[in-house]
Amino acid sequence: MASYNHAAIEKKWHDKWELNPINPKTDREGHEKEKYYCLDMFPYPSGNGLHVGHWRGYVISDVWSRYKLLQGYHVIHPMGWDAFGLPAENYAIKMGIHPSVSTEENIKNIKKQIKQIAAIYDWDMEVNTTDPGFYKWTQWIFVQMFKKGLAYEKEFPINWCPSCKTGLANEEVVDGKCERCGTPVTKKNLRQWMLKITAYADRLLEDLKTLDWPEKVIKMQTDWIGKSYGAEVNFPIDGRDEIITVYTTRPDTLYGATFMVLSPEHELSASLATPEHKAEVDEYILAASMRSNVDRMQDKEKTGVFTGSYAVNPLNQEKIPIWLSDYVLADYGTGAIMCVPAHDERDFAFAKKFGLPIVQVIAEDPDHVEELKEAYTAANGVVVNSGEWNGMRSETLKTEAPHIIEKMGIGKATVNFKLRDWVFSRQRYWGEPIPIIHCPHCGNVPVPEDQLPLELPDVESYEPTGTGESPLAAIDEWVNTTCPVCGAPAKRETNTMPQWAGSSWYFLRYVDNHNTEELISKEAAAKYLPVDMYIGGVEHAVLHLLYSRFYTKFLYDIGVVDFEEPFKKLFNQGMITGKNGVKMSKSKGNVISPDELVRDYGCDALRMYELFVGPPQLDAEWDDRGIDGVRRFLTKVWNLLLDSTDGEPVIATQEMIRARHQLIYTITSRLNDFSLNTVISGFMEYTNQLASIAKKSGGVDIETLEVLSVLLSPFAPHLAEEMWEKLGHDTSVFENQWPAYNEEAMKEDEIKIPLQINGKTKGVLTIAASADKDTILSKGKELLGKKLEKEPVKEIYVPGKIVNFVVK
RNA sequence: GCGGAUGUGGCGGAAUUGGCAGACGCGCUAGACUUAGGAUCUAGUGGGCUUCCCGUGCAGGUUCAAAUCCUGUCAUCCGCACCA
């Protein structure tokens, strides 16, 4: 008996599929099939190669793709390379090898590793973000945004990573540290290119409702966008002409404002200091500017300084002191707040610390207002101490106040977002050059579209200058150009785009990747997009996924695509970790490479084990030993095949037919629930059952094996093809339709009903499935016999499920 | 501090959504076959004082019946972190 030789079987089918891909656009009659677009988050081609964690996501997406294929779809399942970015550049700095060379090398290696997965990627669709034919369109999108006023230059203190020596978007600052390298982020005043993602804030928020995405990701994006309703209120400054506008979500508490706090960076902060407070104020502003974000965030205790100036509450004309404190953020709202210590925790803490008055304006019971021990932040209660507003419900006033204020002419109703515009320029080499020319006469002029791509020139040193200039600035012959509008000498923009630029739209390009005239043709966009299923890690919950949504909406607005959301369904697979949940990393030395496992156990075994380790959406600790189990399973399937095809065909028994339909049901429903780990255990259970049936009958029938091979094909494609061939077919197993089950055929003749006394199981009754309630109850009593000491006071029977006798 | 997820044998995890807790697999134990075993096969494997009882982080509750629902609480992980 030939044993299961994974190496030979897998090599054979690998080569066949290479020649004859199994994912046709049309069905056997030549009719065009409906498309299903199943997308992986494309990898950065790092020099470290793949580990078993990368495999997991790709296996999940491939299983799903093959399942869709068997359901009759034409599956769009592409792969590409997100190849711009810092590691290649840092490698270049260290080794003097051009990033394009090391990138190409890495892609070659990773592609080889990815091919080991045997996924049905369509390599004709491959894209690479560093390919000029690709980044031509990355630049083109930027030019369109520029033309629409969505890309603009701005000089202001940006997030600066002193290690990467580059500016960062807000989204890239995690806990005050650089998302890439973990270095604490500082502020630096620099001219930057910005993308006005805030113009899309409302749509980005609103359309989240339409997405079939994990709750968690929707929540994270919702919070990131951070929409709030409130009012801007104008406070005149006592004795001066300027006014200070504050933003508040609680205009209903306006009468309770007893002081005001400005952020140290507020434009009026320095000038508000009266002579006797000047020194202290200047010192505070300077100190705040020196501190990093991390530092500021670690403060528990509030700090602050009094300016000596007063603002006037526009409602009651009361003078309130103006303070500065760094708990007020310069770039949220107006950078200034009115403080109502009675009804805001932070204001309360500040007032307590600096001895400022506290006036309660909302009370649960207006007749018994006692001194507050802590801020009363709930907006439910009766308004007090508030002039003409007294007696109103604060719930009502909260929504009406903005309009009242607006009518009074002291402010206006406003909506605010946490979302900031996107710092889009990087002072680095290995990215798409920003296609803008600075002309002394015409200002910023985009590179004419027929001159795109604006190719990245070679440089002598990749090292960032650290002064805020990109290495490109050192290439005079590239920098110096002429203005496309007036022809005068002009200079090129030397900043490059962030890595997100290419990844924000790459999924559009796969389906029309050779198009030199358009980013994507209208036909291809309409036919293949949007993405039906997007699979990847949760680490991109805000960054990549938010940017991609923004890009898609913009491309919708300029008529490139006809949909507003790129990814209909999102699945986040959990991370594979090393022992004790430690993230796999080269530095920790706990990286498990798939290469040896594929060699020793086979691709099919590793694919199935990747799914069997645990629920796909949860993290899982890798344990090499477990793969033996799936390997044994595959061997059992193989032996079953050999036993059954070794001689006279076995006639199907009722038991085999029933088991077959039950299997189809089990696998299909678990697959639809994305419960891939239990799909595998379902197969194992079934195979154990079949093995014992086969022992009695000398094998199982052909149809059972055929169904098994089709069901198994998304998971263990090589073995499935081999089985299908051994069963006498010269077609591919993937030309089948996903099998259907028959409810009738699944039904057992006999059922087992647990018998309980007071909810504790005391026996199991095996009885004909057709038996009625009375029969079951009396047979049950009979079976329990002496255990049922007294006549039950109550008899519970849930059809097909359980019997419970309740005794006193 | 706020929000979310998770908590079940020695381990990874099942449990048709309120109906036999521990499927399936790893590991372990014993046996068989072997010159050999990190191969294969067979049997066993939650705990205990074993006709019975106890067991799903902990404490209560609802129910004929709870891992599942409710109340409270603890632990771990993740996200946000002065957003006015």
# chains A, B, ... in the order shown; residues from 1 in each chain; ligands from 1
>>> interface_residues(of="chain B", to="chain A", cutoff="10 Å", atoms="only C-alpha atoms (C1' of nucleotides)", output="list of chain:residue names")
B:G3, B:G4, B:A5, B:U6, B:C11, B:G12, B:G13, B:A14, B:U16, B:G19, B:C20, B:A23, B:C24, B:G25, B:C26, B:G27, B:C64, B:A65, B:C77, B:G79, B:C80, B:A81, B:C82, B:C83, B:A84
>>> residues_around(residues="stretch 141-157 of chain A", least_positions_apart="3", cutoff="7 Å", atoms="only C-alpha atoms (C1' of nucleotides)", output="ChimeraX atom specification")
/A:137-138,187-196,446
>>> select_by_dssp(residues="stretch 447-641 of chain A", states="alpha helix (DSSP H)", output="PyMOL selection string")
chain A and resi 476-479+500-503+506-509+522-528+543-557+594-601+603-612+627-641
>>> atom_distance(atom1="atom CA of A:Ile535", atom2="atom CA of A:Lys579")
24.7 Å
>>> closest_residue(among="B:G37, B:G57, B:U62, B:G9", to="B:U76", atoms="only C-alpha atoms (C1' of nucleotides)")
B:G57
>>> residues_around(residues="A:Asp238", least_positions_apart="5", cutoff="7 Å", atoms="only C-alpha atoms (C1' of nucleotides)", output="list of chain:residue names")
A:Tyr310, A:Ala311, A:Val312
>>> select_by_dssp(residues="stretch 127-186 of chain A", states="strand (DSSP E)", output="PyMOL selection string")
chain A and resi 127-128+151-161+166-168+173-174+177-178+186
>>> closest_residue(among="B:C41, B:A67, B:C53, B:C2", to="B:A15", atoms="only C-alpha atoms (C1' of nucleotides)")
B:A67
>>> closest_residue(among="A:Leu711, A:Ile22, A:Leu543, A:Cys164", to="A:Ile667", atoms="only C-alpha atoms")
A:Leu711
>>> residues_around(residues="A:Gly80", least_positions_apart="2", cutoff="10 Å", atoms="only C-alpha atoms (C1' of nucleotides)", output="PDB file with N, CA, C and O atoms, in the first residue's frame")
ATOM      1  N   ASP A  40      -6.450  40.210  -0.055  1.00  0.00           N
ATOM      2  CA  ASP A  40      -5.561  40.202   1.103  1.00  0.00           C
ATOM      3  C   ASP A  40      -4.939  41.578   1.257  1.00  0.00           C
ATOM      4  O   ASP A  40      -4.684  42.254   0.274  1.00  0.00           O
ATOM      5  N   MET A  41      -4.660  41.971   2.492  1.00  0.00           N
ATOM      6  CA  MET A  41      -3.834  43.154   2.688  1.00  0.00           C
ATOM      7  C   MET A  41      -2.452  42.802   2.151  1.00  0.00           C
ATOM      8  O   MET A  41      -1.842  41.834   2.602  1.00  0.00           O
ATOM      9  N   PHE A  42      -2.016  43.569   1.153  1.00  0.00           N
ATOM     10  CA  PHE A  42      -0.765  43.167   0.497  1.00  0.00           C
ATOM     11  C   PHE A  42       0.433  43.447   1.396  1.00  0.00           C
ATOM     12  O   PHE A  42       0.441  44.370   2.176  1.00  0.00           O
ATOM     13  N   PRO A  43       1.453  42.587   1.276  1.00  0.00           N
ATOM     14  CA  PRO A  43       2.562  42.662   2.221  1.00  0.00           C
ATOM     15  C   PRO A  43       3.618  43.683   1.815  1.00  0.00           C
ATOM     16  O   PRO A  43       3.738  44.047   0.648  1.00  0.00           O
ATOM     17  N   TYR A  44       4.373  44.091   2.820  1.00  0.00           N
ATOM     18  CA  TYR A  44       5.606  44.808   2.571  1.00  0.00           C
ATOM     19  C   TYR A  44       6.677  43.745   2.353  1.00  0.00           C
ATOM     20  O   TYR A  44       6.833  42.860   3.207  1.00  0.00           O
ATOM     21  N   PRO A  45       7.378  43.769   1.242  1.00  0.00           N
ATOM     22  CA  PRO A  45       8.351  42.699   0.967  1.00  0.00           C
ATOM     23  C   PRO A  45       9.614  42.868   1.786  1.00  0.00           C
ATOM     24  O   PRO A  45      10.614  43.367   1.294  1.00  0.00           O
ATOM     25  N   PRO A  78      -6.053  38.633  -6.013  1.00  0.00           N
ATOM     26  CA  PRO A  78      -4.747  39.111  -6.457  1.00  0.00           C
ATOM     27  C   PRO A  78      -3.751  39.294  -5.319  1.00  0.00           C
ATOM     28  O   PRO A  78      -4.108  39.252  -4.147  1.00  0.00           O
ATOM     29  N   ASP A  82       3.574  46.204  -1.360  1.00  0.00           N
ATOM     30  CA  ASP A  82       3.549  47.556  -0.813  1.00  0.00           C
ATOM     31  C   ASP A  82       5.000  47.924  -0.525  1.00  0.00           C
ATOM     32  O   ASP A  82       5.455  47.842   0.603  1.00  0.00           O
ATOM     33  N   ALA A  83       5.727  48.304  -1.564  1.00  0.00           N
ATOM     34  CA  ALA A  83       7.184  48.182  -1.479  1.00  0.00           C
ATOM     35  C   ALA A  83       7.960  49.467  -1.183  1.00  0.00           C
ATOM     36  O   ALA A  83       9.173  49.418  -1.005  1.00  0.00           O
ATOM     37  N   ILE A 107      11.149  40.889  -3.104  1.00  0.00           N
ATOM     38  CA  ILE A 107       9.895  40.467  -3.737  1.00  0.00           C
ATOM     39  C   ILE A 107      10.062  39.072  -4.319  1.00  0.00           C
ATOM     40  O   ILE A 107       9.184  38.214  -4.175  1.00  0.00           O
ATOM     41  N   LYS A 111       7.777  36.138  -2.944  1.00  0.00           N
ATOM     42  CA  LYS A 111       6.851  35.553  -3.917  1.00  0.00           C
ATOM     43  C   LYS A 111       7.021  34.036  -3.952  1.00  0.00           C
ATOM     44  O   LYS A 111       6.048  33.289  -3.994  1.00  0.00           O
ATOM     45  N   TYR A 121      -3.803  32.803  -6.336  1.00  0.00           N
ATOM     46  CA  TYR A 121      -3.528  34.171  -6.773  1.00  0.00           C
ATOM     47  C   TYR A 121      -3.383  34.228  -8.287  1.00  0.00           C
ATOM     48  O   TYR A 121      -2.782  33.354  -8.894  1.00  0.00           O
ATOM     49  N   TRP A 123      -1.467  35.867 -10.794  1.00  0.00           N
ATOM     50  CA  TRP A 123      -0.224  36.657 -10.853  1.00  0.00           C
ATOM     51  C   TRP A 123      -0.183  37.605 -12.034  1.00  0.00           C
ATOM     52  O   TRP A 123       0.694  38.464 -12.106  1.00  0.00           O
ATOM     53  N   MET A 125      -2.242  39.786 -12.332  1.00  0.00           N
ATOM     54  CA  MET A 125      -2.776  41.026 -11.775  1.00  0.00           C
ATOM     55  C   MET A 125      -1.794  41.716 -10.836  1.00  0.00           C
ATOM     56  O   MET A 125      -2.077  42.795 -10.339  1.00  0.00           O
ATOM     57  N   GLU A 126      -0.669  41.091 -10.591  1.00  0.00           N
ATOM     58  CA  GLU A 126       0.309  41.600  -9.628  1.00  0.00           C
ATOM     59  C   GLU A 126       0.574  43.101  -9.782  1.00  0.00           C
ATOM     60  O   GLU A 126       0.692  43.605 -10.889  1.00  0.00           O
ATOM     61  N   VAL A 127       0.644  43.798  -8.680  1.00  0.00           N
ATOM     62  CA  VAL A 127       1.057  45.203  -8.712  1.00  0.00           C
ATOM     63  C   VAL A 127       2.181  45.428  -7.700  1.00  0.00           C
ATOM     64  O   VAL A 127       2.349  44.670  -6.751  1.00  0.00           O
ATOM     65  N   ASN A 128       2.922  46.500  -7.950  1.00  0.00           N
ATOM     66  CA  ASN A 128       4.046  46.869  -7.099  1.00  0.00           C
ATOM     67  C   ASN A 128       4.025  48.387  -6.996  1.00  0.00           C
ATOM     68  O   ASN A 128       4.138  49.084  -7.997  1.00  0.00           O
ATOM     69  N   THR A 129       3.872  48.880  -5.770  1.00  0.00           N
ATOM     70  CA  THR A 129       3.690  50.333  -5.603  1.00  0.00           C
ATOM     71  C   THR A 129       4.914  51.132  -6.030  1.00  0.00           C
ATOM     72  O   THR A 129       4.811  52.341  -6.232  1.00  0.00           O
ATOM     73  N   TYR A 506      -4.422  50.661  -4.105  1.00  0.00           N
ATOM     74  CA  TYR A 506      -3.847  49.568  -4.912  1.00  0.00           C
ATOM     75  C   TYR A 506      -4.873  48.534  -5.356  1.00  0.00           C
ATOM     76  O   TYR A 506      -4.768  47.946  -6.420  1.00  0.00           O
ATOM     77  N   PHE A 507      -5.894  48.344  -4.509  1.00  0.00           N
ATOM     78  CA  PHE A 507      -6.899  47.306  -4.790  1.00  0.00           C
ATOM     79  C   PHE A 507      -7.697  47.610  -6.046  1.00  0.00           C
ATOM     80  O   PHE A 507      -8.325  46.739  -6.613  1.00  0.00           O
ATOM     81  N   TYR A 510      -5.325  46.309  -9.421  1.00  0.00           N
ATOM     82  CA  TYR A 510      -5.155  44.892  -9.766  1.00  0.00           C
ATOM     83  C   TYR A 510      -5.937  44.499 -11.020  1.00  0.00           C
ATOM     84  O   TYR A 510      -5.436  43.794 -11.873  1.00  0.00           O
TER      85      TYR A 510
END
>>> residues_around(residues="B:A66", least_positions_apart="3", cutoff="12 Å", atoms="only C-alpha atoms (C1' of nucleotides)", output="ChimeraX atom specification")
/A:759 /B:18-19,21,56,61-63,69-70
>>> write_last_selection(atoms="N, CA, C and O atoms (P, O5', C5', C4', C3', O3' and C1' of nucleotides)", output="tab-separated table (two decimals), in the first residue's frame")
chain	number	residue	atom	x	y	z
A	759	GLY	N	-32.94	18.07	36.36
A	759	GLY	CA	-31.90	18.75	35.60
A	759	GLY	C	-30.56	18.06	35.58
A	759	GLY	O	-29.61	18.55	35.00
B	18	G	P	-30.30	30.85	23.63
B	18	G	O5'	-30.07	30.18	25.04
B	18	G	C5'	-28.85	29.56	25.38
B	18	G	C4'	-29.11	28.28	26.13
B	18	G	C3'	-30.06	27.32	25.42
B	18	G	O3'	-29.73	25.98	25.76
B	18	G	C1'	-30.93	27.83	27.50
B	19	G	P	-28.85	25.16	24.69
B	19	G	O5'	-29.00	23.70	25.27
B	19	G	C5'	-28.42	23.38	26.53
B	19	G	C4'	-28.89	22.01	26.96
B	19	G	C3'	-28.95	20.99	25.83
B	19	G	O3'	-28.56	19.74	26.37
B	19	G	C1'	-31.08	21.21	26.84
B	21	A	P	-24.42	17.33	31.42
B	21	A	O5'	-23.26	18.25	30.85
B	21	A	C5'	-22.01	17.65	30.56
B	21	A	C4'	-21.36	18.44	29.46
B	21	A	C3'	-20.01	17.91	29.04
B	21	A	O3'	-20.18	16.97	28.00
B	21	A	C1'	-19.85	20.23	29.53
B	56	U	P	-18.13	25.47	37.43
B	56	U	O5'	-17.44	25.91	36.08
B	56	U	C5'	-16.00	26.03	36.04
B	56	U	C4'	-15.61	26.55	34.69
B	56	U	C3'	-16.28	27.88	34.33
B	56	U	O3'	-15.35	28.66	33.60
B	56	U	C1'	-16.80	26.28	32.70
B	61	G	P	-28.64	32.67	45.55
B	61	G	O5'	-29.47	33.30	44.34
B	61	G	C5'	-30.25	34.46	44.58
B	61	G	C4'	-30.65	35.12	43.29
B	61	G	C3'	-31.55	34.31	42.37
B	61	G	O3'	-32.88	34.29	42.82
B	61	G	C1'	-29.87	35.39	41.09
B	62	U	P	-33.81	33.06	42.53
B	62	U	O5'	-34.15	33.24	40.98
B	62	U	C5'	-34.88	34.38	40.53
B	62	U	C4'	-34.99	34.34	39.03
B	62	U	C3'	-35.52	33.04	38.45
B	62	U	O3'	-36.94	32.97	38.52
B	62	U	C1'	-33.62	33.73	37.23
B	63	U	P	-37.63	31.62	39.05
B	63	U	O5'	-37.29	30.59	37.89
B	63	U	C5'	-37.81	30.80	36.58
B	63	U	C4'	-37.25	29.77	35.64
B	63	U	C3'	-37.37	28.33	36.11
B	63	U	O3'	-38.66	27.81	35.85
B	63	U	C1'	-35.18	28.72	35.29
B	69	C	P	-24.87	34.87	27.70
B	69	C	O5'	-26.30	35.09	28.38
B	69	C	C5'	-27.45	35.36	27.60
B	69	C	C4'	-28.59	35.75	28.50
B	69	C	C3'	-28.22	36.69	29.65
B	69	C	O3'	-28.19	38.03	29.22
B	69	C	C1'	-29.51	34.91	30.50
B	70	C	P	-27.20	39.08	29.96
B	70	C	O5'	-27.95	39.32	31.35
B	70	C	C5'	-29.22	39.98	31.38
B	70	C	C4'	-29.65	40.12	32.82
B	70	C	C3'	-28.62	40.77	33.73
B	70	C	O3'	-28.66	42.18	33.65
B	70	C	C1'	-29.46	38.83	34.77
>>> residues_around(residues="A:Val233", least_positions_apart="4", cutoff="9 Å", atoms="only C-alpha atoms (C1' of nucleotides)", output="NGL selection string")
:A and (244-248 or 251 or 314 or 338 or 402 or 405-406 or 410-413)
>>> residues_around(residues="A:Ile693", least_positions_apart="6", cutoff="10 Å", atoms="only C-alpha atoms (C1' of nucleotides)", output="PyMOL selection string")
chain A and resi 653+655-656+659+687+699-700
